[in-house]
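Engineer: Pasting target_37.tsv here (TSV, C-alpha atoms):
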```tsv
chain	number	residue	atom	x	y	z
G	17	MET	CA	-10.74	-4.45	26.98
G	18	SER	CA	-11.72	-4.77	23.32
G	19	SER	CA	-13.63	-7.77	22.00
G	20	PHE	CA	-10.78	-8.31	19.52
G	21	TYR	CA	-8.23	-8.59	22.33
G	22	GLN	CA	-10.49	-10.92	24.28
G	23	ARG	CA	-11.01	-13.15	21.26
G	24	TYR	CA	-7.26	-13.34	20.63
G	25	GLN	CA	-6.65	-14.40	24.24
G	26	GLU	CA	-9.42	-17.01	23.95
G	27	LEU	CA	-7.74	-18.54	20.89
G	28	ILE	CA	-4.48	-18.83	22.83
G	29	ALA	CA	-6.27	-20.40	25.79
G	30	GLN	CA	-7.94	-22.90	23.44
G	31	GLY	CA	-4.59	-23.85	21.94
G	32	GLU	CA	-5.50	-22.59	18.46
G	33	LEU	CA	-2.79	-19.90	18.67
G	34	LYS	CA	0.55	-19.81	20.44
G	35	PRO	CA	1.78	-16.93	22.62
G	36	ASP	CA	3.92	-14.67	20.42
G	37	VAL	CA	5.65	-11.50	21.62
G	38	ASP	CA	5.50	-9.74	18.26
G	39	GLN	CA	1.87	-10.65	17.77
G	40	ASP	CA	0.99	-9.47	21.28
G	41	HIS	CA	2.47	-6.04	20.53
G	42	CYS	CA	0.35	-5.74	17.37
G	43	VAL	CA	-2.75	-7.08	19.13
G	44	LYS	CA	-2.57	-4.43	21.85
G	45	ARG	CA	-2.21	-1.65	19.27
G	46	LEU	CA	-5.13	-2.98	17.22
G	47	ALA	CA	-7.22	-3.32	20.38
G	48	THR	CA	-6.62	0.38	21.10
G	49	LEU	CA	-7.63	1.25	17.53
G	50	GLN	CA	-10.83	-0.77	17.91
G	51	GLU	CA	-11.73	1.15	21.08
G	52	GLU	CA	-10.99	4.48	19.38
G	53	LEU	CA	-13.09	3.67	16.33
G	54	GLU	CA	-16.03	2.35	18.33
G	55	ALA	CA	-15.99	5.43	20.60
G	56	VAL	CA	-17.06	7.63	17.67
G	57	PRO	CA	-20.86	7.67	17.23
G	58	PRO	CA	-22.30	6.51	13.89
G	59	LYS	CA	-22.28	9.14	11.17
G	60	GLY	CA	-25.47	11.21	11.12
G	61	SER	CA	-26.56	10.26	14.65
G	62	ILE	CA	-27.49	12.88	17.26
G	63	LEU	CA	-24.25	12.22	19.14
G	64	TRP	CA	-22.23	12.49	15.91
G	65	ARG	CA	-23.81	15.87	15.14
G	66	ALA	CA	-23.08	16.97	18.70
G	67	PHE	CA	-19.37	16.83	17.90
G	68	GLY	CA	-19.88	19.98	15.85
G	69	LYS	CA	-17.09	19.00	13.49
G	70	LYS	CA	-15.76	15.94	11.76
G	71	PRO	CA	-14.01	13.64	14.30
G	72	ILE	CA	-10.26	13.25	13.87
G	73	PRO	CA	-9.62	9.73	12.55
G	74	PRO	CA	-7.56	7.44	14.80
G	75	ARG	CA	-4.07	6.62	13.55
G	76	GLY	CA	-3.97	3.53	11.38
G	77	VAL	CA	-1.70	0.50	11.60
G	78	TYR	CA	0.83	-0.91	9.12
G	79	MET	CA	1.92	-4.46	10.00
G	80	TRP	CA	4.85	-5.85	8.10
G	81	GLY	CA	6.92	-8.99	8.35
G	82	GLY	CA	7.88	-12.28	6.78
G	83	VAL	CA	5.43	-14.76	5.34
G	84	GLY	CA	3.38	-16.80	7.81
G	85	ARG	CA	3.87	-14.57	10.85
G	86	GLY	CA	0.16	-13.99	11.38
G	87	LYS	CA	-0.38	-10.57	9.81
G	88	SER	CA	-3.47	-11.49	7.80
G	89	MET	CA	-4.85	-13.56	10.66
G	90	LEU	CA	-4.62	-10.60	13.07
G	91	MET	CA	-6.15	-8.18	10.59
G	92	ASP	CA	-9.05	-10.57	9.88
G	93	LEU	CA	-9.64	-11.09	13.59
G	94	PHE	CA	-9.59	-7.31	14.14
G	95	TYR	CA	-11.99	-6.72	11.26
G	96	ASP	CA	-14.43	-9.44	12.32
G	97	ASN	CA	-14.65	-8.02	15.85
G	98	LEU	CA	-14.77	-4.33	14.88
G	99	ASP	CA	-18.26	-3.01	15.63
G	100	VAL	CA	-18.64	-0.01	13.34
G	101	ASN	CA	-21.21	0.54	10.62
G	102	ARG	CA	-18.82	1.48	7.84
G	103	LYS	CA	-15.83	-0.80	7.36
G	104	GLN	CA	-14.31	-2.62	4.40
G	105	ARG	CA	-11.70	-5.31	3.94
G	106	ALA	CA	-10.03	-6.04	0.62
G	107	HIS	CA	-6.98	-7.63	-0.92
G	108	PHE	CA	-4.81	-4.65	-1.85
G	109	HIS	CA	-4.48	-5.59	-5.51
G	110	GLU	CA	-8.24	-5.96	-5.92
G	111	PHE	CA	-8.74	-2.61	-4.22
G	112	MET	CA	-6.39	-0.88	-6.65
G	113	LEU	CA	-8.19	-2.45	-9.61
G	114	ARG	CA	-11.40	-0.96	-8.23
G	115	VAL	CA	-9.72	2.43	-7.78
G	116	HIS	CA	-8.51	2.50	-11.39
G	117	ASP	CA	-12.01	1.61	-12.56
G	118	MET	CA	-13.48	4.44	-10.45
G	119	ILE	CA	-10.93	6.86	-11.91
G	120	ARG	CA	-11.85	5.80	-15.43
G	121	VAL	CA	-15.57	6.30	-14.80
G	122	SER	CA	-14.95	9.67	-13.13
G	123	ARG	CA	-12.92	10.91	-16.09
G	124	GLU	CA	-15.66	9.86	-18.48
G	125	ASN	CA	-18.18	11.96	-16.55
G	126	ASP	CA	-15.97	14.89	-15.56
G	127	PRO	CA	-12.70	16.02	-17.18
G	128	GLY	CA	-11.41	17.38	-13.88
G	129	ASP	CA	-9.07	15.74	-11.37
G	130	PRO	CA	-10.69	12.39	-10.41
G	131	ILE	CA	-8.57	11.57	-7.32
G	132	PRO	CA	-10.38	13.79	-4.74
G	133	LYS	CA	-13.77	12.50	-5.88
G	134	VAL	CA	-12.66	8.87	-5.75
G	135	ALA	CA	-11.27	9.39	-2.23
G	136	LEU	CA	-14.55	11.02	-1.16
G	137	ASP	CA	-16.63	8.19	-2.65
G	138	LEU	CA	-14.52	5.55	-0.91
G	139	ALA	CA	-14.72	7.41	2.40
G	140	GLN	CA	-18.52	7.45	2.20
G	141	ASP	CA	-18.50	3.67	2.47
G	142	ALA	CA	-15.84	3.13	5.15
G	143	ARG	CA	-14.42	4.73	8.27
G	144	CYS	CA	-11.93	1.89	8.45
G	145	LEU	CA	-10.27	0.31	5.41
G	146	CYS	CA	-8.36	-2.93	5.89
G	147	PHE	CA	-5.95	-4.02	3.16
G	148	ASP	CA	-4.19	-7.35	2.99
G	149	GLU	CA	-0.75	-7.62	1.36
G	150	MET	CA	0.07	-4.09	0.28
G	151	VAL	CA	2.41	-4.44	-2.67
G	152	VAL	CA	3.25	-1.87	-5.34
G	153	ASN	CA	4.41	-3.35	-8.62
G	154	ASN	CA	3.59	-0.79	-11.28
G	155	SER	CA	4.04	2.91	-11.90
G	156	ALA	CA	0.29	3.48	-12.45
G	157	ASP	CA	-0.42	2.57	-8.83
G	158	ALA	CA	2.66	4.37	-7.54
G	159	MET	CA	1.69	7.65	-9.22
G	160	ILE	CA	-1.73	7.94	-7.56
G	161	MET	CA	-1.29	6.33	-4.14
G	162	SER	CA	0.09	9.32	-2.25
G	163	ARG	CA	-2.72	11.63	-3.30
G	164	LEU	CA	-5.42	8.99	-2.96
G	165	PHE	CA	-4.46	7.90	0.55
G	166	THR	CA	-3.90	11.48	1.69
G	167	GLY	CA	-7.45	12.15	0.54
G	168	LEU	CA	-8.76	9.12	2.41
G	169	VAL	CA	-7.10	10.18	5.67
G	170	GLU	CA	-8.35	13.74	5.26
G	171	GLN	CA	-11.86	12.34	4.83
G	172	GLY	CA	-11.59	10.60	8.20
G	173	VAL	CA	-10.63	7.08	7.14
G	174	SER	CA	-8.41	4.95	9.37
G	175	ILE	CA	-6.28	2.44	7.47
G	176	VAL	CA	-5.05	-0.98	8.58
G	177	THR	CA	-2.77	-2.84	6.21
G	178	THR	CA	-0.33	-5.73	6.03
G	179	SER	CA	2.77	-6.12	3.90
G	180	ASN	CA	5.81	-8.32	3.59
G	181	ARG	CA	8.03	-5.24	3.53
G	182	PRO	CA	8.50	-2.07	5.61
G	183	PRO	CA	7.18	1.13	4.01
G	184	GLY	CA	10.64	2.24	2.87
G	185	ASP	CA	11.08	-0.90	0.76
G	186	LEU	CA	7.79	-0.60	-1.15
G	187	TYR	CA	8.21	-0.12	-4.91
G	188	LYS	CA	11.95	-0.46	-4.40
G	189	ASP	CA	13.89	0.38	-7.59
G	190	GLY	CA	10.57	1.11	-9.33
G	191	LEU	CA	10.22	3.43	-12.30
G	192	ASN	CA	9.93	7.10	-11.28
G	193	ARG	CA	10.06	6.09	-7.62
G	194	GLU	CA	10.59	9.71	-6.57
G	195	HIS	CA	6.87	10.27	-7.21
G	196	PHE	CA	6.12	7.46	-4.74
G	197	LEU	CA	8.21	8.79	-1.86
G	198	PRO	CA	5.44	11.07	-0.49
G	199	PHE	CA	3.32	7.96	-0.01
G	200	ILE	CA	6.05	6.38	2.10
G	201	ASP	CA	6.17	9.58	4.16
G	202	LEU	CA	2.39	9.38	4.55
G	203	LEU	CA	2.57	5.79	5.83
G	204	ASN	CA	5.28	6.63	8.34
G	205	GLY	CA	3.55	9.81	9.44
G	206	ARG	CA	-0.10	8.72	9.65
G	207	LEU	CA	0.14	5.01	10.53
G	208	ASP	CA	1.90	3.18	13.33
G	209	VAL	CA	4.40	0.88	11.61
G	210	LEU	CA	4.69	-2.42	13.50
G	211	SER	CA	7.10	-5.25	12.77
G	212	LEU	CA	5.74	-8.78	12.94
G	213	ASN	CA	8.88	-10.80	12.38
G	214	GLY	CA	8.95	-13.46	15.05
G	215	PRO	CA	10.99	-16.62	14.58
G	216	THR	CA	8.03	-18.85	13.71
G	217	ASP	CA	6.58	-19.13	10.22
G	218	TYR	CA	3.16	-20.44	11.23
G	219	ARG	CA	2.07	-21.17	7.67
G	220	ARG	CA	5.11	-23.38	7.02
G	221	GLU	CA	4.72	-24.91	10.46
G	222	ARG	CA	1.18	-25.94	9.54
G	223	LEU	CA	2.56	-27.51	6.37
G	224	GLY	CA	5.34	-29.25	8.25
G	225	GLY	CA	5.39	-32.92	7.26
G	226	VAL	CA	2.58	-32.40	4.74
G	227	ASP	CA	3.10	-33.75	1.23
G	228	LEU	CA	2.27	-31.10	-1.35
G	229	TRP	CA	1.93	-33.37	-4.41
G	230	HIS	CA	-0.23	-36.50	-3.99
G	231	VAL	CA	-0.22	-39.41	-6.45
G	232	PRO	CA	-2.55	-40.93	-7.52
G	233	ASN	CA	-5.91	-39.17	-7.42
G	234	GLY	CA	-8.36	-40.86	-5.14
G	235	GLU	CA	-9.87	-40.96	-1.70
G	236	THR	CA	-6.54	-41.04	0.13
G	237	ALA	CA	-5.21	-38.00	-1.72
G	238	THR	CA	-8.46	-36.09	-1.29
G	239	GLU	CA	-8.50	-36.75	2.44
G	240	ALA	CA	-4.88	-35.62	2.80
G	241	LEU	CA	-5.58	-32.35	0.95
G	242	SER	CA	-8.71	-31.81	3.01
G	243	GLU	CA	-6.64	-32.15	6.19
G	244	ALA	CA	-4.08	-29.70	4.80
G	245	PHE	CA	-6.85	-27.18	4.11
G	246	PHE	CA	-8.07	-27.38	7.69
G	247	ARG	CA	-4.53	-26.99	9.02
G	248	LEU	CA	-3.87	-23.93	6.85
G	249	THR	CA	-7.13	-22.21	7.76
G	250	ASP	CA	-7.73	-23.38	11.35
G	251	TYR	CA	-11.20	-24.39	10.18
G	252	PRO	CA	-12.75	-27.14	12.35
G	253	PRO	CA	-12.92	-30.42	10.37
G	254	GLU	CA	-16.34	-31.20	11.85
G	255	ASP	CA	-17.72	-28.21	9.89
G	256	ARG	CA	-16.36	-29.42	6.54
G	257	GLN	CA	-19.83	-29.34	5.00
G	258	HIS	CA	-20.05	-25.58	5.63
G	259	VAL	CA	-16.75	-24.31	4.22
G	260	PRO	CA	-17.48	-20.93	2.57
G	261	SER	CA	-17.21	-20.37	-1.17
G	262	GLU	CA	-16.49	-17.12	-3.01
G	263	GLU	CA	-17.18	-15.33	-6.26
G	264	LEU	CA	-13.89	-13.86	-7.48
G	265	THR	CA	-14.18	-10.89	-9.85
G	266	VAL	CA	-11.93	-11.17	-12.89
G	267	PRO	CA	-10.91	-8.04	-14.85
G	268	GLY	CA	-13.70	-7.32	-17.27
G	269	GLY	CA	-16.39	-7.95	-14.67
G	270	ARG	CA	-16.67	-11.75	-14.99
G	271	GLN	CA	-17.16	-13.88	-11.89
G	272	LEU	CA	-15.08	-16.96	-11.13
G	273	HIS	CA	-16.63	-19.35	-8.63
G	274	VAL	CA	-14.23	-20.58	-5.94
G	275	PRO	CA	-15.77	-23.74	-4.41
G	276	LYS	CA	-13.86	-23.39	-1.14
G	277	SER	CA	-12.29	-20.13	-0.03
G	278	LEU	CA	-11.08	-19.24	3.45
G	279	LYS	CA	-8.27	-17.09	4.88
G	280	GLY	CA	-6.40	-16.79	1.59
G	281	VAL	CA	-6.65	-20.51	0.76
G	282	ALA	CA	-8.66	-21.68	-2.27
G	283	VAL	CA	-9.67	-25.16	-3.44
G	284	PHE	CA	-10.38	-25.93	-7.11
G	285	SER	CA	-10.77	-28.97	-9.30
G	286	PHE	CA	-8.53	-29.29	-12.34
G	287	LYS	CA	-11.67	-29.55	-14.45
G	288	ARG	CA	-12.96	-26.18	-13.25
G	289	LEU	CA	-9.64	-24.44	-13.85
G	290	CYS	CA	-8.36	-26.04	-17.05
G	291	ALA	CA	-11.17	-27.91	-18.83
G	292	GLU	CA	-13.32	-24.79	-19.04
G	293	ALA	CA	-12.47	-21.76	-21.19
G	294	ARG	CA	-10.10	-19.77	-19.01
G	295	GLY	CA	-7.33	-17.32	-19.74
G	296	ALA	CA	-4.37	-15.60	-18.13
G	297	GLN	CA	-6.56	-12.97	-16.43
G	298	ASP	CA	-8.47	-15.69	-14.56
G	299	TYR	CA	-5.28	-17.30	-13.34
G	300	LEU	CA	-3.61	-14.01	-12.41
G	301	SER	CA	-6.68	-13.03	-10.39
G	302	ILE	CA	-6.40	-16.31	-8.48
G	303	ALA	CA	-2.66	-15.86	-7.95
G	304	ARG	CA	-3.07	-12.31	-6.66
G	305	HIS	CA	-5.96	-13.14	-4.37
G	306	PHE	CA	-4.84	-16.37	-2.68
G	307	HIS	CA	-1.57	-17.20	-0.95
G	308	SER	CA	-2.28	-20.94	-1.18
G	309	VAL	CA	-4.16	-22.96	-3.81
G	310	ILE	CA	-5.24	-26.61	-3.64
G	311	ILE	CA	-6.01	-28.35	-6.95
G	312	VAL	CA	-7.63	-31.78	-6.99
G	313	GLY	CA	-8.03	-34.25	-9.84
G	314	ILE	CA	-5.12	-33.39	-12.14
G	315	PRO	CA	-5.17	-36.16	-14.81
G	316	LYS	CA	-2.32	-37.57	-16.82
G	317	LEU	CA	-2.68	-35.58	-20.03
G	318	SER	CA	-2.56	-37.09	-23.51
G	319	LYS	CA	-2.21	-35.31	-26.84
G	320	GLU	CA	-6.02	-35.06	-27.07
G	321	TYR	CA	-5.89	-32.73	-24.06
G	322	ARG	CA	-3.46	-30.19	-25.48
G	323	ASN	CA	-5.84	-27.30	-24.68
G	324	GLU	CA	-6.11	-28.37	-21.04
G	325	ALA	CA	-2.32	-28.76	-20.91
G	326	ALA	CA	-1.81	-25.26	-22.34
G	327	ARG	CA	-4.17	-23.75	-19.76
G	328	PHE	CA	-2.41	-25.66	-16.99
G	329	VAL	CA	0.92	-24.17	-18.12
G	330	THR	CA	-0.56	-20.67	-17.96
G	331	LEU	CA	-2.05	-21.38	-14.53
G	332	ILE	CA	1.23	-22.62	-13.06
G	333	ASP	CA	3.10	-19.66	-14.56
G	334	ALA	CA	0.72	-17.29	-12.74
G	335	LEU	CA	0.95	-19.16	-9.42
G	336	TYR	CA	4.73	-19.34	-9.70
G	337	GLU	CA	5.04	-15.64	-10.55
G	338	TYR	CA	3.21	-14.69	-7.36
G	339	LYS	CA	4.86	-17.42	-5.28
G	340	VAL	CA	1.54	-19.03	-4.40
G	341	LYS	CA	1.83	-22.21	-2.33
G	342	LEU	CA	0.46	-25.13	-4.36
G	343	LEU	CA	-0.94	-28.41	-3.05
G	344	ALA	CA	-2.36	-30.91	-5.51
G	345	SER	CA	-3.47	-34.43	-6.30
G	346	ALA	CA	-2.60	-35.92	-9.68
G	347	ASP	CA	-2.41	-39.17	-11.59
G	348	ALA	CA	1.33	-38.75	-12.17
G	349	GLU	CA	4.40	-36.95	-10.91
G	350	PRO	CA	5.06	-33.58	-12.58
G	351	ASP	CA	7.57	-34.86	-15.13
G	352	ALA	CA	5.14	-37.55	-16.31
G	353	LEU	CA	1.98	-35.45	-16.60
G	354	TYR	CA	2.19	-34.55	-20.31
G	355	LEU	CA	4.67	-36.55	-22.35
G	356	GLU	CA	3.36	-36.19	-25.89
G	357	GLY	CA	1.26	-33.70	-27.81
G	358	ASP	CA	1.48	-30.06	-28.84
G	359	GLY	CA	3.59	-28.17	-26.33
G	360	SER	CA	4.87	-31.26	-24.51
G	361	PHE	CA	8.47	-30.10	-24.90
G	362	GLU	CA	7.62	-26.70	-23.41
G	363	PHE	CA	5.71	-28.48	-20.63
G	364	GLU	CA	9.06	-29.64	-19.24
G	365	ARG	CA	9.55	-26.12	-17.84
G	366	THR	CA	6.19	-26.37	-16.07
G	367	ALA	CA	7.15	-29.75	-14.61
G	368	SER	CA	10.39	-28.24	-13.35
G	369	ARG	CA	8.48	-25.39	-11.74
G	370	LEU	CA	6.08	-27.80	-10.06
G	371	VAL	CA	9.04	-29.54	-8.45
G	372	GLU	CA	10.60	-26.23	-7.40
G	373	MET	CA	7.29	-25.14	-5.85
G	374	GLN	CA	7.67	-27.96	-3.33
G	375	SER	CA	11.11	-26.81	-2.17
G	376	ASP	CA	11.86	-25.13	1.16
G	377	GLU	CA	13.33	-22.14	-0.68
G	378	TYR	CA	10.12	-21.56	-2.59
G	379	LEU	CA	7.89	-22.08	0.45
G	380	ALA	CA	9.90	-19.50	2.39
G	381	MET	CA	9.10	-16.76	-0.14
G	382	GLY	CA	6.32	-14.31	0.61
G	383	HIS	CA	3.22	-14.15	-1.54
G	384	GLY	CA	3.72	-11.60	-4.32
G	385	THR	CA	7.00	-10.21	-2.99
G	386	GLN	CA	8.94	-10.95	-6.17
G	387	MET	CA	6.73	-8.54	-8.08
G	388	GLU	CA	8.15	-5.44	-6.36
```
Can you present the structure in this file as structure tokens?
Structural biologist:
Amino acid sequence: MSSFYQRYQELIAQGELKPDVDQDHCVKRLATLQEELEAVPPKGSILWRAFGKKPIPPRGVYMWGGVGRGKSMLMDLFYDNLDVNRKQRAHFHEFMLRVHDMIRVSRENDPGDPIPKVALDLAQDARCLCFDEMVVNNSADAMIMSRLFTGLVEQGVSIVTTSNRPPGDLYKDGLNREHFLPFIDLLNGRLDVLSLNGPTDYRRERLGGVDLWHVPNGETATEALSEAFFRLTDYPPEDRQHVPSEELTVPGGRQLHVPKSLKGVAVFSFKRLCAEARGAQDYLSIARHFHSVIIVGIPKLSKEYRNEAARFVTLIDALYEYKVKLLASADAEPDALYLEGDGSFEFERTASRLVEMQSDEYLAMGHGTQME
């Protein structure tokens, strides 16, 4: 029995997870994959050389289903318990940004076809690649994915990925979609496609009864948002002093410090996000990377804070576009945040979006799904 399967059962026994038929089906398949991957000796070892040829990679897994069904949680649990030397986990969008950068560098050094070399370079670092939230929203990605992932599989890489949609619905109605169809065939042919669509939306269940917008700022609001963070991430409150942080890479190579980052949930202060010089690329990187964002300390903005107000508008536009769940503390309700100053009239749209982002309809939407 794999350590991943044992850990999953322990979490159920401890009451941290609930028995779920769909999850159990995925867990058993991932447990088999763990055993298959760990049965292959490390690359370069005496046992590995004794194979005489490159081992056939185990079939990967594609988990798809509605938001909050536990896809990312299962993949993280699998990854954390997988005992192999070469493994990588990445948000799918960040991975594709890296791929495009590798292609650019390869073309600068060699005018030939860069895709096989990029696939080989990636395979050198990982026998198992885990991607969270596979989503295809542009033709540049669609045009290279079939060849890239075919190359990865041929190099012995096993792929585990999650998505809100089945393979056949990826890049639906996209430009030149016929060039993307071989990738769909690859997913169906080389990965086991598993549906995780049980009746319970665990993420919304954790937010059940939780206020998303807290007024005013202060100790009570901060404590409520802290409790919401622990509910969303299953992080023990007694370890609140040790919540991990993260350095998020923004296009262009800059680093954005995320004070608290865990399981797709990020915590920021308004000052860090909007009082410092930030732009759309910063906010889009946050929106792509996190399914839920908590912002503390939003002030009531006067005309002297027009720059902060403008950045806040750009931030909310990015979060809204990717259907990120927003929790916040502020000194006023959305429609009273910025009443006078440059852009105050346009801010009414942002206030309207902030109200919509608290609705059941918005909360039911999957992270990033509207981009396909």
Engineer: Could you list, as a list in words, every residue within 8 Å of range 362-375 of chain G, counting all atoms listed in the file and ignoring same-chain residues fewer than 6 positions away?
Structural biologist: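 Within the cut-off, the hits are Leu228, Trp229, Val329, Ile332, Asp333, Tyr336, Lys341, Leu342, Pro350, Asp351, Leu353 and Tyr354 of chain G.
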Engineer: Tell me, in Å to one decimal, how far CA of Leu335 in chain G is from CA of His305 in chain G.
Structural biologist: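 Taking CA of Leu335 in chain G and CA of His305 in chain G, their separation equals 10.5 Å.
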Engineer: Between CA of Arg304 in chain G and CA of Asp227 in chain G, what is the distance, to one decimal in Å?
Structural biologist: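 Answer for the CA of Arg304 in chain G to CA of Asp227 in chain G separation: 23.7 Å.
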Engineer: Measuring between all atoms listed in the file, which one of G:Ser174, G:Ser122, G:Ser155, G:Ser162 shows the shortest distance to Lys103 in chain G?
Structural biologist: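 Checking each candidate against Lys103 in chain G, we get G:Ser174 as the closest.
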Engineer: Please provide the set of residues having any atom within 9 Å of range 231-245 of chain G, restricted to all atoms listed in the file, with same-chain residues fewer than 2 positions apart removed, written as a VMD selection string.
Structural biologist: chain G and resid 222 to 223 226 to 229 247 to 251 253 256 281 to 283 310 to 315 343 to 349
Engineer: What's the separation between CA of Leu186 in chain G and CA of Gly268 in chain G, in Å to one decimal place?
Structural biologist: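 Separating CA of Leu186 in chain G from CA of Gly268 in chain G is a distance of 27.7 Å.
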